[in-house]
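First up is the structure itself, then whatever we jot down about it.
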Amino acid sequence: MAFIKPSARLRHSLLLRTLKLYFSSALVPEPHLQHDTEETSQNPNLSAGETTTADKFHAAIKDHHRRNPTPNPNAPPPTPNLTIPDLSLDFSTISAARPVSPSVARRVIEKCAGVRHGIPFLQSLAFFNWATTLEGFPASPEPYNEMLDLAGKLRQFDLAWHVIDLMKARGVEITVHTFSALVRRYVRAGFAAEAVHAFNRMEDYGCTPDKVAFSIVISSLCKKRRANEAQSFFDSLRHRFEPDVVVYTSLVHGWCRAGNISKAEEVFRDMKMAGVKPNVYTYSIVIDSLCRCGQITRAHDVFSEMIDAGCDPNAVTFNSLMRVHVKAGRTEKVLQVYNQMKRLGCAADTISYNFIIESHCRDENLEEAVKVLNLMVKKGVAPNASTFNCIFGCIGKLHDVNGTHRMYARMKELKCQPNTLTFNILMRMFAESKSTDMVLKMKKEMDENQVEPNVNTYRILISLFCEMKHWNNAYKLMTEMVVEKCLRPNLSVYEMVLEQLRKAGQLKKHEELVDKMVERGFVTRPL
């Protein structure tokens with residue numbers, strides 16, 4: 001029989017995660033919450049030896065996937081008990097040096113799921129089946145929950161339920177965390193009814209629904225703009241689970257994301273009438289939504305109400321007021337909001353400073369932008385990739401290659417990790433200045449830092465190689481993009497590569513590339 005009682009610590013961590021869901025979207029930046037204990041309860045730190053072992057498993061999976069890329073994405077789902085014999089031999093060789101723990105198995109699946117494109121799903125499933133059937137493998141929920149989440153991410157929901165059935169059959173602990181992962185994946189896939197159905201089936205697996213599970217269903221639906229479904233779910237069960245500030249805030253958030261501000265304000269009023277006091281997150285959501293729909297005066301009224309109610313605004317609140325002015329190009333207004341923050345003793349965060357930097361960069365005032373960067377560093381606020389991306393964009397308009405080198409060195413000095421956009425901006429700038437060596441250096445650093453390329457990355461590199469008449473490199477990147485990453489190239493880039501192959505007399509590779517594009521459904525074969 002499956003174990004069913006989640007620890008109090010896990011329940012608390014899930015509640016924190018629910019709060020964080022409100023602010024992880026583009027609507028309102030995520031505020032700083034206290035340490036999320038779910039990280040320690042669900043994602044324990046691995047030892048150095050375990051990390052090395054997990055990396056070896058992951059490398060074997062990636063290598064097999066590279067040699068055997070995922071076939072047609074519309075292929076039928078794999079058998080749940082899939083095994084890959086030659087890969088199982090590799091796994092056994094790796095595990096001979098150190099037994100596989102549930103934490104290692106979870107980490108391997110997590111790493112496989114961590115990429116945006118080209119997830120080695122079949123190899124991940126084969127690893128999961130191999131690891132969990134090892135003799136003496138502990139009945140821990142870690143790898144099961146991770147595999148369920150990966151299956152849901154790829155919309156393989158029959159497999160996700162198979163994993164839950166395995167947990168029940170093998171006596172593995174089934175908790176709210178297990179079902180919350182399934183609920184979130186259903187909602188993200190657009191299956192609201194199925195998400196509610198999963199909640200209703202919790203008791204079939206001996207897992208009693210509680211307020212945390214109730215909150216997670218509502219927050220998941222609201223995050224994906226399914227406010228009607230969330231409201232119906234709320235109305236049907238509010239008698240069973242007493243709504244609190246988390247649930248009401250989630251509903252307000254959902255109606256705001258759905259663009260129905262009047263309904264959001266109605267729930268906001270109902271919340272106060274029910275004796276539930278709005279918190280800083282609730283007020284920030286309402287203020288942000290009013291700003292986004294142009295009701296600036298009303299947003300300031302709610303801000304004043306917030307102050308009068310004794311609820312101190314935080315950086316998220318001020319960022320909402322600041323954002324609307326940034327997008328409208330009103331730099332003076334942005335600085336006024338920042339000065340108001342200082343008067344009320346509210347410390348600016350990375351997003352606050354990024355908005356000020358973005359405003360100065362929009363005005364092409366590089367000097368002021370750099371001053372703000374220096375100020376935030378002096379204040380102990382860590383810049384992120386977005387901070388530098390704005391500045392690099394501004395430098396790019398000035399065509400100052402030396403300035404780009406200096407700013408990139410500063411970024412490294414501050415140990416700020418570049419993201420895909422950073423590398424794309426830099427590579428485009430260096431390509432325009434004919435600094436081919438620097439473009440290739442950026443791509444090398446991108447790979448070393450495990451920053452995933454996107455369509456624009458490939459477009460810059462392929463265009464560069466085609467311009468240099470290096471058809472082999474252009475073909476290699478195009479194949480990687482289409483076959484391994486399942487990315488649809490821009491039609492002009494595709495035709496550019498075909499032209500290079502024709503000019504080089506590489507008719508076989510020309511035909512192979514057409515076949516790969518047709519197989520992916522990216523083009524139709526010409527008659």
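For the structure tokens, the naming scheme is as follows: chains receive sequential letters (A, B, ...) according to their order of presentation, residues are indexed from 1 within each chain, and ligands are indexed from 1 in presentation order.
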- Message: Applying 12 Å and only C-alpha atoms, which residues near range 356-373 of chain A remain after dropping the ones on its own chain fewer than 4 positions away? List them as a PyMOL selection string.
- Response: chain A and resi 319+322-339+348-352+377-384+386-398+400+403+406-407+410-411+414
Write out, as a PDB file, in the first residue's frame, the residues just selected, with C-alpha atoms.
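Done, and the output landed in out.pdb:
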```pdb
ATOM      1  CA  ASN A 319       8.322  47.861 -10.271  1.00  0.00           C
ATOM      2  CA  MET A 322       7.734  51.784 -12.966  1.00  0.00           C
ATOM      3  CA  ARG A 323       7.186  49.313 -15.821  1.00  0.00           C
ATOM      4  CA  VAL A 324       4.344  51.197 -17.474  1.00  0.00           C
ATOM      5  CA  HIS A 325       6.517  54.321 -17.744  1.00  0.00           C
ATOM      6  CA  VAL A 326       9.494  52.349 -19.083  1.00  0.00           C
ATOM      7  CA  LYS A 327       7.420  50.903 -21.917  1.00  0.00           C
ATOM      8  CA  ALA A 328       6.021  54.364 -22.745  1.00  0.00           C
ATOM      9  CA  GLY A 329       9.514  55.893 -22.811  1.00  0.00           C
ATOM     10  CA  ARG A 330       8.814  58.227 -19.879  1.00  0.00           C
ATOM     11  CA  THR A 331      12.235  58.234 -18.223  1.00  0.00           C
ATOM     12  CA  GLU A 332      11.412  61.142 -15.887  1.00  0.00           C
ATOM     13  CA  LYS A 333       8.393  59.265 -14.509  1.00  0.00           C
ATOM     14  CA  VAL A 334      10.536  56.148 -14.003  1.00  0.00           C
ATOM     15  CA  LEU A 335      12.983  58.193 -11.932  1.00  0.00           C
ATOM     16  CA  GLN A 336      10.095  59.736  -9.960  1.00  0.00           C
ATOM     17  CA  VAL A 337       8.873  56.273  -8.943  1.00  0.00           C
ATOM     18  CA  TYR A 338      12.435  55.325  -7.992  1.00  0.00           C
ATOM     19  CA  ASN A 339      12.740  58.457  -5.819  1.00  0.00           C
ATOM     20  CA  ALA A 348      15.363  48.671  -5.114  1.00  0.00           C
ATOM     21  CA  ASP A 349      15.980  45.182  -6.509  1.00  0.00           C
ATOM     22  CA  THR A 350      17.603  43.986  -9.723  1.00  0.00           C
ATOM     23  CA  ILE A 351      14.415  44.533 -11.728  1.00  0.00           C
ATOM     24  CA  SER A 352      14.082  48.111 -10.423  1.00  0.00           C
ATOM     25  CA  VAL A 377      26.766  46.965  -7.688  1.00  0.00           C
ATOM     26  CA  LYS A 378      27.780  49.420  -4.949  1.00  0.00           C
ATOM     27  CA  LYS A 379      24.436  48.800  -3.192  1.00  0.00           C
ATOM     28  CA  GLY A 380      25.080  45.045  -3.259  1.00  0.00           C
ATOM     29  CA  VAL A 381      22.351  44.316  -5.823  1.00  0.00           C
ATOM     30  CA  ALA A 382      23.535  41.690  -8.307  1.00  0.00           C
ATOM     31  CA  PRO A 383      23.035  42.527 -11.988  1.00  0.00           C
ATOM     32  CA  ASN A 384      21.714  39.789 -14.246  1.00  0.00           C
ATOM     33  CA  SER A 386      18.995  41.449 -18.664  1.00  0.00           C
ATOM     34  CA  THR A 387      20.975  44.271 -17.060  1.00  0.00           C
ATOM     35  CA  PHE A 388      23.830  43.818 -19.506  1.00  0.00           C
ATOM     36  CA  ASN A 389      21.637  42.980 -22.500  1.00  0.00           C
ATOM     37  CA  CYS A 390      20.165  46.486 -22.425  1.00  0.00           C
ATOM     38  CA  ILE A 391      23.640  48.011 -22.212  1.00  0.00           C
ATOM     39  CA  PHE A 392      25.036  45.793 -24.982  1.00  0.00           C
ATOM     40  CA  GLY A 393      22.111  46.815 -27.177  1.00  0.00           C
ATOM     41  CA  CYS A 394      22.899  50.471 -26.538  1.00  0.00           C
ATOM     42  CA  ILE A 395      26.607  49.953 -27.278  1.00  0.00           C
ATOM     43  CA  GLY A 396      25.649  48.097 -30.456  1.00  0.00           C
ATOM     44  CA  LYS A 397      23.791  51.154 -31.746  1.00  0.00           C
ATOM     45  CA  LEU A 398      27.039  53.098 -31.309  1.00  0.00           C
ATOM     46  CA  ASP A 400      31.585  50.490 -30.389  1.00  0.00           C
ATOM     47  CA  GLY A 403      33.213  49.173 -25.662  1.00  0.00           C
ATOM     48  CA  ARG A 406      35.133  46.164 -22.013  1.00  0.00           C
ATOM     49  CA  MET A 407      31.528  45.653 -20.918  1.00  0.00           C
ATOM     50  CA  ARG A 410      32.930  43.707 -16.647  1.00  0.00           C
ATOM     51  CA  MET A 411      30.139  41.161 -16.868  1.00  0.00           C
ATOM     52  CA  LEU A 414      30.885  40.489 -11.683  1.00  0.00           C
TER      53      LEU A 414
END
```
- Would you please give, as an MDAnalysis selection string, all residues of range 32-199 of chain A that DSSP assigns to helix (DSSP H, G or I) based on the backbone? chainID A and resid 38:42 48:67 85:95 102:113 121:132 142:153 157:169 176:188 192:199
- Task: Can you pull out every residue within 10 Å of Cys222 in chain A, counting only C-alpha atoms, but drop anything in the same chain fewer than 5 positions away, and send it as an MDAnalysis selection string?
- Result: chainID A and resid 21:22 187 216:217 227:231 250:258
Write the residues of the preceding selection, restricted to all heavy atoms, as a compact mmCIF listing (two decimals), in the first residue's frame.
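Result went into again.txt, see below:
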```txt
# COMPACT_ATOMS: atom_id res chain seq x y z
N LEU A 21 4.19 30.95 -7.59
CA LEU A 21 3.58 30.81 -8.90
C LEU A 21 2.98 32.12 -9.39
O LEU A 21 2.97 32.40 -10.58
CB LEU A 21 2.48 29.74 -8.87
CG LEU A 21 2.93 28.29 -8.99
CD1 LEU A 21 1.74 27.38 -8.71
CD2 LEU A 21 3.52 27.99 -10.34
N TYR A 22 2.46 32.94 -8.46
CA TYR A 22 1.82 34.17 -8.88
C TYR A 22 2.81 35.10 -9.57
O TYR A 22 2.46 35.88 -10.42
CB TYR A 22 1.24 34.93 -7.68
CG TYR A 22 0.33 34.13 -6.81
CD1 TYR A 22 0.30 34.33 -5.45
CD2 TYR A 22 -0.50 33.16 -7.35
CE1 TYR A 22 -0.53 33.60 -4.64
CE2 TYR A 22 -1.35 32.43 -6.53
CZ TYR A 22 -1.35 32.66 -5.18
OH TYR A 22 -2.17 31.94 -4.37
N VAL A 187 -2.55 21.73 -16.84
CA VAL A 187 -2.97 23.11 -17.08
C VAL A 187 -2.11 23.76 -18.15
O VAL A 187 -2.61 24.45 -19.05
CB VAL A 187 -2.92 23.91 -15.76
CG1 VAL A 187 -3.17 25.39 -16.03
CG2 VAL A 187 -3.94 23.39 -14.77
N ILE A 216 -3.13 24.87 -5.13
CA ILE A 216 -2.27 24.61 -6.29
C ILE A 216 -3.10 24.49 -7.57
O ILE A 216 -2.71 25.00 -8.62
CB ILE A 216 -1.42 23.35 -6.05
CG1 ILE A 216 -0.31 23.66 -5.05
CG2 ILE A 216 -0.83 22.83 -7.35
CD1 ILE A 216 0.46 22.45 -4.57
N VAL A 217 -4.25 23.83 -7.48
CA VAL A 217 -5.12 23.72 -8.67
C VAL A 217 -5.55 25.11 -9.12
O VAL A 217 -5.47 25.46 -10.31
CB VAL A 217 -6.35 22.84 -8.38
CG1 VAL A 217 -7.31 22.86 -9.57
CG2 VAL A 217 -5.93 21.41 -8.08
N ALA A 227 -9.20 31.57 -15.80
CA ALA A 227 -9.86 32.14 -14.62
C ALA A 227 -11.28 31.60 -14.44
O ALA A 227 -11.73 31.39 -13.30
CB ALA A 227 -9.88 33.66 -14.72
N ASN A 228 -12.02 31.40 -15.53
CA ASN A 228 -13.39 30.88 -15.41
C ASN A 228 -13.40 29.52 -14.73
O ASN A 228 -14.20 29.26 -13.82
CB ASN A 228 -14.04 30.79 -16.80
CG ASN A 228 -14.61 32.11 -17.26
OD1 ASN A 228 -15.29 32.79 -16.50
ND2 ASN A 228 -14.31 32.48 -18.50
N GLU A 229 -12.48 28.63 -15.20
CA GLU A 229 -12.39 27.30 -14.61
C GLU A 229 -11.94 27.37 -13.15
O GLU A 229 -12.45 26.64 -12.29
CB GLU A 229 -11.42 26.42 -15.40
CG GLU A 229 -11.92 26.04 -16.79
CD GLU A 229 -11.48 27.03 -17.86
OE1 GLU A 229 -11.20 28.19 -17.52
OE2 GLU A 229 -11.44 26.63 -19.04
N ALA A 230 -11.01 28.28 -12.87
CA ALA A 230 -10.52 28.43 -11.49
C ALA A 230 -11.64 28.91 -10.58
O ALA A 230 -11.80 28.43 -9.45
CB ALA A 230 -9.34 29.40 -11.46
N GLN A 231 -12.42 29.88 -11.07
CA GLN A 231 -13.52 30.42 -10.27
C GLN A 231 -14.57 29.34 -10.01
O GLN A 231 -15.08 29.22 -8.89
CB GLN A 231 -14.15 31.61 -10.98
CG GLN A 231 -15.19 32.35 -10.15
CD GLN A 231 -14.55 33.15 -9.01
OE1 GLN A 231 -13.65 33.94 -9.21
NE2 GLN A 231 -15.04 32.92 -7.79
N SER A 250 -4.59 34.32 -5.68
CA SER A 250 -4.48 33.56 -6.92
C SER A 250 -5.64 33.88 -7.87
O SER A 250 -5.45 34.06 -9.08
CB SER A 250 -4.44 32.07 -6.62
OG SER A 250 -4.14 31.33 -7.77
N LEU A 251 -6.85 33.95 -7.33
CA LEU A 251 -8.02 34.28 -8.16
C LEU A 251 -7.93 35.68 -8.73
O LEU A 251 -8.25 35.90 -9.91
CB LEU A 251 -9.30 34.13 -7.34
CG LEU A 251 -9.85 32.71 -7.15
CD1 LEU A 251 -11.02 32.72 -6.19
CD2 LEU A 251 -10.26 32.11 -8.49
N VAL A 252 -7.49 36.62 -7.92
CA VAL A 252 -7.30 37.99 -8.41
C VAL A 252 -6.30 37.97 -9.56
O VAL A 252 -6.50 38.59 -10.62
CB VAL A 252 -6.82 38.91 -7.27
CG1 VAL A 252 -6.39 40.27 -7.83
CG2 VAL A 252 -7.91 39.09 -6.22
N HIS A 253 -5.21 37.24 -9.35
CA HIS A 253 -4.17 37.11 -10.37
C HIS A 253 -4.74 36.52 -11.66
O HIS A 253 -4.46 37.00 -12.76
CB HIS A 253 -3.06 36.22 -9.81
CG HIS A 253 -1.86 36.10 -10.69
ND1 HIS A 253 -1.04 35.00 -10.68
CD2 HIS A 253 -1.33 36.92 -11.62
CE1 HIS A 253 -0.06 35.17 -11.54
NE2 HIS A 253 -0.22 36.33 -12.13
N GLY A 254 -5.55 35.47 -11.50
CA GLY A 254 -6.12 34.79 -12.67
C GLY A 254 -7.00 35.71 -13.50
O GLY A 254 -6.89 35.74 -14.73
N TRP A 255 -7.89 36.46 -12.84
CA TRP A 255 -8.77 37.36 -13.57
C TRP A 255 -7.98 38.50 -14.22
O TRP A 255 -8.32 38.95 -15.32
CB TRP A 255 -9.86 37.91 -12.67
CG TRP A 255 -10.94 36.90 -12.36
CD1 TRP A 255 -11.26 36.36 -11.16
CD2 TRP A 255 -11.84 36.31 -13.31
NE1 TRP A 255 -12.28 35.46 -11.29
CE2 TRP A 255 -12.67 35.42 -12.61
CE3 TRP A 255 -12.02 36.45 -14.69
CZ2 TRP A 255 -13.66 34.67 -13.23
CZ3 TRP A 255 -13.00 35.70 -15.32
CH2 TRP A 255 -13.82 34.82 -14.60
N CYS A 256 -6.92 38.93 -13.56
CA CYS A 256 -6.05 39.96 -14.15
C CYS A 256 -5.38 39.43 -15.40
O CYS A 256 -5.34 40.10 -16.44
CB CYS A 256 -5.00 40.42 -13.14
SG CYS A 256 -5.64 41.44 -11.79
N ARG A 257 -4.85 38.21 -15.32
CA ARG A 257 -4.18 37.62 -16.48
C ARG A 257 -5.16 37.36 -17.62
O ARG A 257 -4.78 37.40 -18.79
CB ARG A 257 -3.48 36.31 -16.09
CG ARG A 257 -2.18 36.54 -15.34
CD ARG A 257 -1.43 35.24 -15.09
NE ARG A 257 -0.99 34.60 -16.30
CZ ARG A 257 0.06 34.98 -17.04
NH1 ARG A 257 0.75 36.04 -16.68
NH2 ARG A 257 0.42 34.31 -18.11
N ALA A 258 -6.41 37.11 -17.26
CA ALA A 258 -7.43 36.89 -18.30
C ALA A 258 -7.91 38.22 -18.90
O ALA A 258 -8.71 38.22 -19.83
CB ALA A 258 -8.61 36.13 -17.70
```
